[in-house]
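Below: data_23.csv (CSV, C-alpha atoms)
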chain,number,residue,atom,x,y,z
M,17,MET,CA,-5.4,-7.5,8.1
M,18,LEU,CA,-3.2,-6.0,5.5
M,19,CYS,CA,-3.7,-7.6,2.1
M,20,ASP,CA,-2.9,-7.2,-1.6
M,21,ALA,CA,-6.5,-6.5,-2.5
M,22,ALA,CA,-10.1,-6.7,-1.2
M,23,SER,CA,-13.6,-6.2,-2.2
M,24,VAL,CA,-17.1,-6.3,-0.7
M,25,ARG,CA,-20.0,-7.9,-2.4
M,26,GLU,CA,-23.4,-8.2,-0.8
M,27,GLY,CA,-21.9,-7.7,2.6
M,28,LEU,CA,-19.3,-10.4,2.0
M,29,LEU,CA,-15.6,-9.6,2.3
M,30,SER,CA,-13.3,-11.1,-0.3
M,31,VAL,CA,-9.6,-10.8,0.4
M,32,LEU,CA,-6.6,-11.6,-1.7
M,33,GLY,CA,-3.1,-12.1,-0.3
M,34,ALA,CA,-4.0,-11.4,3.3
M,35,GLY,CA,-1.7,-11.4,6.3
M,36,ILE,CA,1.0,-9.0,5.1
M,37,THR,CA,3.3,-8.4,8.1
M,38,VAL,CA,6.5,-7.3,6.3
M,39,VAL,CA,7.0,-4.8,3.6
M,40,TRP,CA,10.4,-5.0,1.9
M,41,ARG,CA,11.6,-2.0,0.1
M,42,GLU,CA,14.8,-1.1,-1.7
M,43,SER,CA,14.7,2.4,-0.3
M,44,PHE,CA,12.7,4.7,2.0
M,45,PRO,CA,10.3,6.5,2.3
M,46,ALA,CA,8.2,4.0,0.4
M,47,PRO,CA,4.6,3.4,-0.4
M,48,LEU,CA,2.8,0.7,1.5
M,49,PHE,CA,1.2,-0.9,-1.6
M,50,ALA,CA,-1.4,-2.7,0.5
M,51,ASP,CA,-5.0,-2.4,1.6
M,52,LEU,CA,-6.5,-2.9,5.0
M,53,ALA,CA,-9.4,-5.4,5.1
M,54,ALA,CA,-11.4,-5.7,8.3
M,55,GLN,CA,-14.6,-6.9,9.7
M,56,PHE,CA,-16.2,-5.8,13.0
M,57,GLU,CA,-19.3,-7.0,14.7
M,58,ARG,CA,-22.2,-4.6,14.8
M,59,LEU,CA,-23.0,-4.4,18.5
M,60,ASP,CA,-25.6,-1.6,18.3
M,61,VAL,CA,-28.2,-2.5,15.6
M,62,ALA,CA,-29.8,0.8,16.1
M,63,ALA,CA,-26.7,2.7,14.9
M,64,SER,CA,-26.7,3.5,11.2
M,65,ARG,CA,-23.5,5.4,10.9
M,66,TYR,CA,-20.0,4.6,12.2
M,67,ASP,CA,-17.0,6.8,12.2
M,68,VAL,CA,-14.0,4.8,11.4
M,69,SER,CA,-10.4,6.0,11.6
M,70,ILE,CA,-7.1,4.3,11.0
M,71,SER,CA,-3.8,5.3,12.5
M,72,ALA,CA,-0.4,3.9,12.0
M,73,ARG,CA,2.5,4.9,14.3
M,74,PRO,CA,5.9,3.6,15.2
M,75,VAL,CA,5.8,0.8,17.8
M,76,GLU,CA,8.4,2.7,19.9
M,77,GLY,CA,6.1,5.7,19.9
M,78,GLY,CA,5.9,9.0,18.2
M,79,GLU,CA,3.8,10.8,15.8
M,80,SER,CA,1.5,8.8,13.5
M,81,VAL,CA,2.9,8.1,10.0
M,82,PHE,CA,-0.4,8.1,8.3
M,83,ASN,CA,-4.1,8.4,9.1
M,84,ALA,CA,-7.4,7.7,7.4
M,85,GLU,CA,-11.0,8.5,8.3
M,86,LEU,CA,-14.2,7.2,6.8
M,87,GLN,CA,-17.8,7.0,7.6
M,88,LEU,CA,-19.8,3.8,7.2
M,89,GLN,CA,-23.5,4.0,6.5
M,90,VAL,CA,-25.3,0.8,7.5
M,91,GLU,CA,-28.9,-0.2,6.9
M,92,ALA,CA,-31.1,-0.2,9.9
M,93,ARG,CA,-32.3,-3.6,11.0
M,94,ASP,CA,-35.0,-4.5,13.4
M,95,ASP,CA,-33.9,-8.0,14.2
M,96,ASP,CA,-31.2,-9.3,16.5
M,97,ARG,CA,-29.3,-11.5,14.0
M,98,PRO,CA,-25.5,-11.1,14.3
M,99,GLN,CA,-24.1,-8.7,11.8
M,100,MET,CA,-20.6,-8.3,10.6
M,101,ILE,CA,-19.6,-5.1,8.9
M,102,PRO,CA,-16.9,-5.4,6.3
M,103,LEU,CA,-14.4,-2.6,5.8
M,104,ILE,CA,-11.8,-1.9,3.2
M,105,VAL,CA,-9.3,1.0,3.5
M,106,PRO,CA,-7.1,1.5,0.5
M,107,LEU,CA,-3.6,2.2,1.8
M,108,ARG,CA,-1.8,1.9,-1.6
M,109,ASP,CA,-0.8,5.5,-1.8
M,110,VAL,CA,0.2,6.2,1.8
M,111,GLY,CA,3.6,5.2,3.1
M,112,VAL,CA,6.1,5.0,5.8
M,113,PRO,CA,9.1,7.3,6.2
M,114,GLY,CA,11.6,4.7,7.1
M,115,PRO,CA,12.3,1.1,8.1
M,116,GLY,CA,11.0,0.0,11.5
M,117,SER,CA,8.0,-1.6,13.3
M,118,TYR,CA,4.7,0.0,13.0
M,119,ILE,CA,1.4,-0.6,14.7
M,120,LEU,CA,-1.8,0.1,12.8
M,121,GLU,CA,-5.0,0.7,14.8
M,122,VAL,CA,-8.6,0.7,13.8
M,123,PHE,CA,-11.0,2.9,15.7
M,124,VAL,CA,-14.7,2.6,15.4
M,125,ASP,CA,-16.5,5.6,17.0
M,126,LYS,CA,-13.2,6.4,18.7
M,127,VAL,CA,-12.9,3.0,20.3
M,128,VAL,CA,-10.0,0.7,19.3
M,129,ARG,CA,-11.6,-2.3,17.7
M,130,GLY,CA,-8.4,-3.9,16.3
M,131,SER,CA,-4.7,-3.5,15.7
M,132,LEU,CA,-1.9,-5.2,13.8
M,133,ARG,CA,1.8,-4.8,13.6
M,134,PHE,CA,3.9,-4.7,10.5
M,135,ASP,CA,7.5,-4.2,9.8
M,136,ALA,CA,9.0,-2.1,7.1
M,137,VAL,CA,12.4,-3.6,6.2
M,138,LEU,CA,15.2,-2.4,3.9
M,139,MET,CA,16.1,-5.0,1.3
M,140,PRO,CA,19.7,-6.0,1.2
M,141,PRO,CA,21.6,-4.1,-1.5
M,142,ALA,CA,22.2,-5.6,-4.9
M,143,GLY,CA,25.2,-7.9,-4.8
M,144,HIS,CA,24.7,-8.7,-1.2
M,145,GLU,CA,26.3,-12.1,-0.4
M,146,GLU,CA,22.9,-13.7,0.2
M,147,GLY,CA,21.9,-13.2,-3.4
M,148,ASN,CA,22.0,-10.9,-6.3
M,149,ALA,CA,19.5,-8.1,-6.8
M,150,ARG,CA,16.9,-10.0,-8.7
M,151,ALA,CA,17.0,-13.0,-6.4
M,152,VAL,CA,16.6,-10.7,-3.4
M,153,SER,CA,13.7,-8.9,-5.0
M,154,ALA,CA,11.9,-12.1,-5.9
M,155,THR,CA,12.5,-13.8,-2.5
M,156,PRO,CA,13.4,-11.5,0.3
M,157,PRO,CA,14.8,-13.3,3.3
M,158,LEU,CA,12.3,-14.0,6.0
G,51,MET,CA,-2.3,3.4,-9.3
G,52,LYS,CA,-1.9,7.1,-9.5
G,53,LEU,CA,0.1,9.1,-7.1
G,54,PRO,CA,-0.3,12.9,-6.7
G,55,ARG,CA,2.2,14.7,-8.8
G,56,VAL,CA,4.1,17.4,-7.1
G,57,GLU,CA,6.4,19.9,-8.9
G,58,VAL,CA,9.4,20.4,-6.7
G,59,ASP,CA,12.6,22.5,-6.6
G,60,LEU,CA,15.3,20.2,-5.4
G,61,ASN,CA,17.2,23.2,-4.1
G,62,ALA,CA,14.5,24.0,-1.6
G,63,ILE,CA,15.7,21.6,1.0
G,64,GLY,CA,15.7,23.0,4.5
G,65,ALA,CA,18.2,22.4,7.3
G,66,ASP,CA,15.9,19.6,8.6
G,67,GLY,CA,16.3,17.7,5.3
G,68,LEU,CA,12.7,18.3,4.3
G,69,LEU,CA,11.9,19.6,0.9
G,70,ARG,CA,9.5,22.6,1.0
G,71,VAL,CA,6.8,22.7,-1.8
G,72,PRO,CA,4.1,25.3,-2.3
G,73,LEU,CA,0.7,23.6,-2.1
G,74,SER,CA,-0.1,25.4,-5.4
G,75,ARG,CA,2.3,23.0,-7.1
G,76,VAL,CA,0.4,19.9,-5.9
G,77,ASP,CA,-2.1,18.5,-8.3
G,78,ASP,CA,-4.2,16.9,-5.6
G,79,LYS,CA,-4.9,17.4,-1.9
G,80,VAL,CA,-2.2,15.8,0.2
G,81,ARG,CA,-1.7,15.2,3.8
G,82,ARG,CA,0.8,13.6,6.1
G,83,GLY,CA,1.5,10.0,5.2
G,84,ASP,CA,0.8,10.4,1.5
G,85,VAL,CA,3.4,9.2,-1.0
G,86,VAL,CA,3.7,11.4,-4.0
G,87,ASN,CA,5.6,11.6,-7.3
G,88,ALA,CA,8.0,14.5,-6.8
G,89,VAL,CA,8.9,15.8,-10.2
G,90,GLU,CA,11.5,18.4,-11.2
G,91,THR,CA,10.5,19.4,-14.7
G,92,ASP,CA,13.6,21.4,-15.5
G,93,ASP,CA,15.8,18.3,-15.1
G,94,GLY,CA,13.2,15.8,-16.2
G,95,ILE,CA,13.5,13.7,-13.1
G,96,ARG,CA,11.1,12.3,-10.5
G,97,ALA,CA,11.2,10.4,-7.3
G,98,TRP,CA,8.9,9.1,-4.6
G,99,ALA,CA,8.4,11.4,-1.7
G,100,TYR,CA,6.6,11.1,1.6
G,101,VAL,CA,4.5,14.0,2.9
G,102,SER,CA,5.9,14.7,6.3
G,103,ARG,CA,3.9,17.8,7.1
G,104,VAL,CA,1.3,20.1,5.5
G,105,ASP,CA,1.1,23.6,6.7
G,106,GLU,CA,-2.2,24.9,5.2
G,107,ARG,CA,-1.8,28.3,6.7
G,108,ALA,CA,1.7,28.9,5.2
G,109,GLY,CA,0.7,27.1,2.0
G,110,TYR,CA,3.5,24.5,2.0
G,111,ALA,CA,3.9,20.8,2.1
G,112,PHE,CA,7.2,19.3,3.4
G,113,LEU,CA,8.5,16.2,1.8
G,114,ILE,CA,11.0,13.5,2.7
G,115,MET,CA,12.6,12.6,-0.6
G,116,ASN,CA,13.4,9.0,-1.5
G,117,TRP,CA,16.6,9.9,-3.4
G,118,GLU,CA,17.3,6.3,-4.4
G,119,SER,CA,14.0,6.2,-6.4
G,120,MET,CA,15.0,9.1,-8.6
G,121,ARG,CA,14.8,8.4,-12.3
G,122,ASP,CA,14.0,10.1,-15.6
G,123,ASP,CA,10.4,11.4,-15.7
G,124,ASP,CA,8.8,9.8,-18.7
G,125,GLY,CA,5.5,11.6,-18.1
G,126,THR,CA,3.6,8.6,-16.9
G,127,GLU,CA,2.0,8.5,-13.4
G,128,ALA,CA,2.7,4.9,-12.6
G,129,LEU,CA,5.4,4.1,-10.3
G,130,PRO,CA,8.5,2.9,-12.0
G,131,ASN,CA,9.7,-0.6,-11.5
G,132,TYR,CA,6.8,-1.5,-9.4
G,133,HIS,CA,7.6,-5.2,-9.1
G,134,ALA,CA,11.3,-4.7,-8.6
G,135,ASN,CA,10.8,-2.2,-5.8
G,136,VAL,CA,8.0,-3.8,-3.9
G,137,SER,CA,7.6,-7.0,-1.9
G,138,ASN,CA,5.0,-7.5,0.7
G,139,ARG,CA,5.2,-10.7,2.6
G,140,ALA,CA,3.6,-12.6,5.4
G,141,VAL,CA,5.9,-14.2,7.8
G,142,ALA,CA,4.5,-17.0,9.9
G,143,ALA,CA,5.9,-20.0,11.6
G,144,ILE,CA,3.1,-22.3,12.6
G,145,GLN,CA,3.4,-25.6,14.5
G,146,ASN,CA,0.0,-27.1,15.0
G,147,SER,CA,0.9,-29.5,17.8
G,148,ALA,CA,-2.7,-30.3,18.7
G,149,ALA,CA,-3.5,-31.3,15.1
G,150,ALA,CA,-0.3,-33.3,14.9
G,151,ARG,CA,-1.4,-35.5,17.8
G,152,SER,CA,-4.9,-36.1,16.4
G,153,ASP,CA,-6.1,-39.4,15.1
G,154,VAL,CA,-8.7,-39.2,12.4
G,155,ARG,CA,-10.1,-42.7,11.7
G,156,GLU,CA,-6.7,-44.2,12.4
G,157,SER,CA,-5.0,-41.9,9.9
G,158,ARG,CA,-2.3,-39.7,11.4
G,159,VAL,CA,-2.8,-36.1,10.6
G,160,SER,CA,0.5,-34.3,10.8
G,161,TYR,CA,1.2,-30.7,10.3
G,162,GLY,CA,4.8,-29.7,9.7
G,163,ARG,CA,6.3,-26.4,10.2
G,164,TYR,CA,4.9,-24.0,7.7
G,165,THR,CA,6.7,-20.9,6.7
G,166,ALA,CA,5.1,-18.4,4.3
Take the structure I supplied and represent it as structure tokens, if you would.
Amino acid sequence: MLCDAASVREGLLSVLGAGITVVWRESFPAPLFADLAAQFERLDVAASRYDVSISARPVEGGESVFNAELQLQVEARDDDRPQMIPLIVPLRDVGVPGPGSYILEVFVDKVVRGSLRFDAVLMPPAGHEEGNARAVSATPPL
Amino acid sequence: MKLPRVEVDLNAIGADGLLRVPLSRVDDKVRRGDVVNAVETDDGIRAWAYVSRVDERAGYAFLIMNWESMRDDDGTEALPNYHANVSNRAVAAIQNSAAARSDVRESRVSYGRYTA
């Protein structure tokens, strides 16, 4: 999920302001100003390293608009208890080139383990009949 | 938040609308998808820009400028008017019909339409 902020403490994922599906901006290109928080189940307890990659692309197709790669090191375990691996990918300083619908996919060891869609939307200009600039900024129309 | 700072020449726009910048003028490693602070020191202005392409071999990055974000460069790295320019929202419309029909010890549990 896209969120305002996230952290991991002792394997627990703490998330603030999760569930972002729309990013309103006054102009484009624009930064995303969000983080990705995710959890995936560790299916192979013998594995100690996971290659994770993130890719966002327009829903209608085309080249990805941003990518991220990271490697997760996980402690080896010799029991079969379920394990959830938390994951945070800072996406504050990446952006989208223009308004539209985008799909963000999470790959773990090159296998898609999750995806989400978000829309980047241009805010109505100041003085728009639905409200003045400040009102529009504070409460974008849904 | 600190965005990479890129010294640009606003006259270096190609026919494709992309602004070409030597990688030597980028104060951090950038790649496609990054948002940077594009600064033109001579005119004392800056704007957000999106890195559309990086050609390591040629030594150039190609930027899509956000012209509407252009403003005076006050030397700080933070994005100007952060709160005025940014609004991330969740949009949901939930009708929990199953819960609305539930009886809990003779108390009706009712969920209305929730919009966030």
**Request:** Restrict the distance test to all atoms listed in the file, flag each residue of chain G within 7 Å of chain M, and return the flagged residues as a ChimeraX atom specification.
**Result:** /G:53,82-85,99-100,116,118,134-141
**Message:** What's the separation between atom CA of G:Leu68 and atom CA of G:Gly94, in Å to one decimal place?
**Reply:** 20.7 Å
Can you tell me which residues surround G:Thr91 at a distance of at most 10 Å, considering all atoms listed in the file, apart from same-chain residues fewer than 6 positions away, and format the answer as an mmCIF file with C-alpha atoms, in the coordinates of the input?
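And here's part_23.cif as it stands now:
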data_model
loop_
_atom_site.group_PDB
_atom_site.id
_atom_site.type_symbol
_atom_site.label_atom_id
_atom_site.label_comp_id
_atom_site.auth_asym_id
_atom_site.auth_seq_id
_atom_site.Cartn_x
_atom_site.Cartn_y
_atom_site.Cartn_z
ATOM 1 C CA GLU G 57 6.400 19.900 -8.900
ATOM 2 C CA VAL G 58 9.400 20.400 -6.700
ATOM 3 C CA ASP G 59 12.600 22.500 -6.600
ATOM 4 C CA ASP G 122 14.000 10.100 -15.600
ATOM 5 C CA ASP G 123 10.400 11.400 -15.700
ATOM 6 C CA GLY G 125 5.500 11.600 -18.100
#
**Request:** Report the distance between atom CA of G:Arg121 and atom CA of G:Pro72 in Å, rounded to one decimal place.
**Result:** 22.4 Å
Excluding stretch 87-92 of chain M and any residue of its chain fewer than 3 positions from it, enumerate the residues within 7 Å of it, using only C-alpha atoms, and give them as a PDB file with C-alpha atoms, in the coordinates of the input.
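Below is the file that was written, out29.pdb:
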ATOM      1  CA  VAL M  61     -28.200  -2.500  15.600  1.00  0.00           C
ATOM      2  CA  ALA M  62     -29.800   0.800  16.100  1.00  0.00           C
ATOM      3  CA  SER M  64     -26.700   3.500  11.200  1.00  0.00           C
ATOM      4  CA  ARG M  65     -23.500   5.400  10.900  1.00  0.00           C
ATOM      5  CA  TYR M  66     -20.000   4.600  12.200  1.00  0.00           C
ATOM      6  CA  ASP M  67     -17.000   6.800  12.200  1.00  0.00           C
ATOM      7  CA  VAL M  68     -14.000   4.800  11.400  1.00  0.00           C
TER       8      VAL M  68
END
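When all atoms listed in the file are used to measure the gap to G:Val71, the shortest distance among G:Gly109, G:Ala97, G:Val86, G:Asp124 belongs to G:Gly109.
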**Asked** What is the distance between atom CA of M:Glu79 and atom CA of G:Val80, in Å to one decimal?
**Response** 17.4 Å
**Asked** So which one's closest to M:Ile119, M:Glu57, M:Gly27, M:Met17, M:Ile101? Using all atoms listed in the file, please.
**Response** M:Met17
Where atoms are missing, can you supply N, CA and C atoms for stretch 38-64 of chain M and output the lot as an mmCIF file, in the coordinates of the input?
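Result written to rebuild26.cif:
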data_model
loop_
_atom_site.group_PDB
_atom_site.id
_atom_site.type_symbol
_atom_site.label_atom_id
_atom_site.label_comp_id
_atom_site.auth_asym_id
_atom_site.auth_seq_id
_atom_site.Cartn_x
_atom_site.Cartn_y
_atom_site.Cartn_z
ATOM 1 N N VAL M 38 5.209 -7.955 6.644
ATOM 2 C CA VAL M 38 6.500 -7.300 6.300
ATOM 3 C C VAL M 38 6.440 -6.695 4.966
ATOM 4 N N VAL M 39 6.865 -5.463 4.885
ATOM 5 C CA VAL M 39 7.000 -4.800 3.600
ATOM 6 C C VAL M 39 8.449 -4.529 3.329
ATOM 7 N N TRP M 40 8.976 -5.224 2.324
ATOM 8 C CA TRP M 40 10.400 -5.000 1.900
ATOM 9 C C TRP M 40 10.465 -3.945 0.903
ATOM 10 N N ARG M 41 11.406 -3.048 1.065
ATOM 11 C CA ARG M 41 11.600 -2.000 0.100
ATOM 12 C C ARG M 41 13.086 -1.765 -0.151
ATOM 13 N N GLU M 42 13.372 -1.368 -1.361
ATOM 14 C CA GLU M 42 14.800 -1.100 -1.700
ATOM 15 C C GLU M 42 15.256 0.213 -1.107
ATOM 16 N N SER M 43 14.311 1.098 -0.812
ATOM 17 C CA SER M 43 14.700 2.400 -0.300
ATOM 18 C C SER M 43 13.476 2.988 0.433
ATOM 19 N N PHE M 44 13.728 3.978 1.239
ATOM 20 C CA PHE M 44 12.700 4.700 2.000
ATOM 21 C C PHE M 44 12.825 6.175 1.816
ATOM 22 N N PRO M 45 11.741 6.932 2.015
ATOM 23 C CA PRO M 45 10.300 6.500 2.300
ATOM 24 C C PRO M 45 9.782 5.713 1.122
ATOM 25 N N ALA M 46 8.759 4.939 1.446
ATOM 26 C CA ALA M 46 8.200 4.000 0.400
ATOM 27 C C ALA M 46 6.715 3.880 0.630
ATOM 28 N N PRO M 47 5.997 3.672 -0.469
ATOM 29 C CA PRO M 47 4.600 3.400 -0.400
ATOM 30 C C PRO M 47 4.285 2.045 0.239
ATOM 31 N N LEU M 48 3.114 1.932 0.852
ATOM 32 C CA LEU M 48 2.800 0.700 1.500
ATOM 33 C C LEU M 48 2.309 -0.381 0.501
ATOM 34 N N PHE M 49 1.652 0.032 -0.563
ATOM 35 C CA PHE M 49 1.200 -0.900 -1.600
ATOM 36 C C PHE M 49 0.358 -2.037 -1.001
ATOM 37 N N ALA M 50 -0.547 -1.716 -0.115
ATOM 38 C CA ALA M 50 -1.400 -2.700 0.500
ATOM 39 C C ALA M 50 -2.718 -2.074 0.869
ATOM 40 N N ASP M 51 -3.706 -2.894 1.090
ATOM 41 C CA ASP M 51 -5.000 -2.400 1.600
ATOM 42 C C ASP M 51 -5.271 -3.017 2.944
ATOM 43 N N LEU M 52 -6.118 -2.370 3.688
ATOM 44 C CA LEU M 52 -6.500 -2.900 5.000
ATOM 45 C C LEU M 52 -7.944 -3.492 4.791
ATOM 46 N N ALA M 53 -8.098 -4.749 5.139
ATOM 47 C CA ALA M 53 -9.400 -5.400 5.100
ATOM 48 C C ALA M 53 -9.782 -5.752 6.558
ATOM 49 N N ALA M 54 -10.987 -5.437 6.939
ATOM 50 C CA ALA M 54 -11.400 -5.700 8.300
ATOM 51 C C ALA M 54 -12.867 -6.034 8.377
ATOM 52 N N GLN M 55 -13.247 -6.643 9.448
ATOM 53 C CA GLN M 55 -14.600 -6.900 9.700
ATOM 54 C C GLN M 55 -14.861 -6.606 11.213
ATOM 55 N N PHE M 56 -15.919 -5.936 11.539
ATOM 56 C CA PHE M 56 -16.200 -5.800 13.000
ATOM 57 C C PHE M 56 -17.693 -6.085 13.193
ATOM 58 N N GLU M 57 -17.960 -6.576 14.385
ATOM 59 C CA GLU M 57 -19.300 -7.000 14.700
ATOM 60 C C GLU M 57 -20.140 -5.733 15.072
ATOM 61 N N ARG M 58 -21.318 -5.701 14.504
ATOM 62 C CA ARG M 58 -22.200 -4.600 14.800
ATOM 63 C C ARG M 58 -22.904 -4.863 16.129
ATOM 64 N N LEU M 59 -22.476 -4.135 17.133
ATOM 65 C CA LEU M 59 -23.000 -4.400 18.500
ATOM 66 C C LEU M 59 -24.304 -3.614 18.707
ATOM 67 N N ASP M 60 -24.397 -2.473 18.097
ATOM 68 C CA ASP M 60 -25.600 -1.600 18.300
ATOM 69 C C ASP M 60 -26.365 -1.615 16.973
ATOM 70 N N VAL M 61 -27.422 -2.425 16.901
ATOM 71 C CA VAL M 61 -28.200 -2.500 15.600
ATOM 72 C C VAL M 61 -28.929 -1.250 15.323
ATOM 73 N N ALA M 62 -29.087 -0.400 16.312
ATOM 74 C CA ALA M 62 -29.800 0.800 16.100
ATOM 75 C C ALA M 62 -28.931 1.872 15.363
ATOM 76 N N ALA M 63 -27.632 1.688 15.498
ATOM 77 C CA ALA M 63 -26.700 2.700 14.900
ATOM 78 C C ALA M 63 -26.743 2.478 13.367
ATOM 79 N N SER M 64 -26.764 3.586 12.662
ATOM 80 C CA SER M 64 -26.700 3.500 11.200
ATOM 81 C C SER M 64 -25.505 4.125 10.603
#
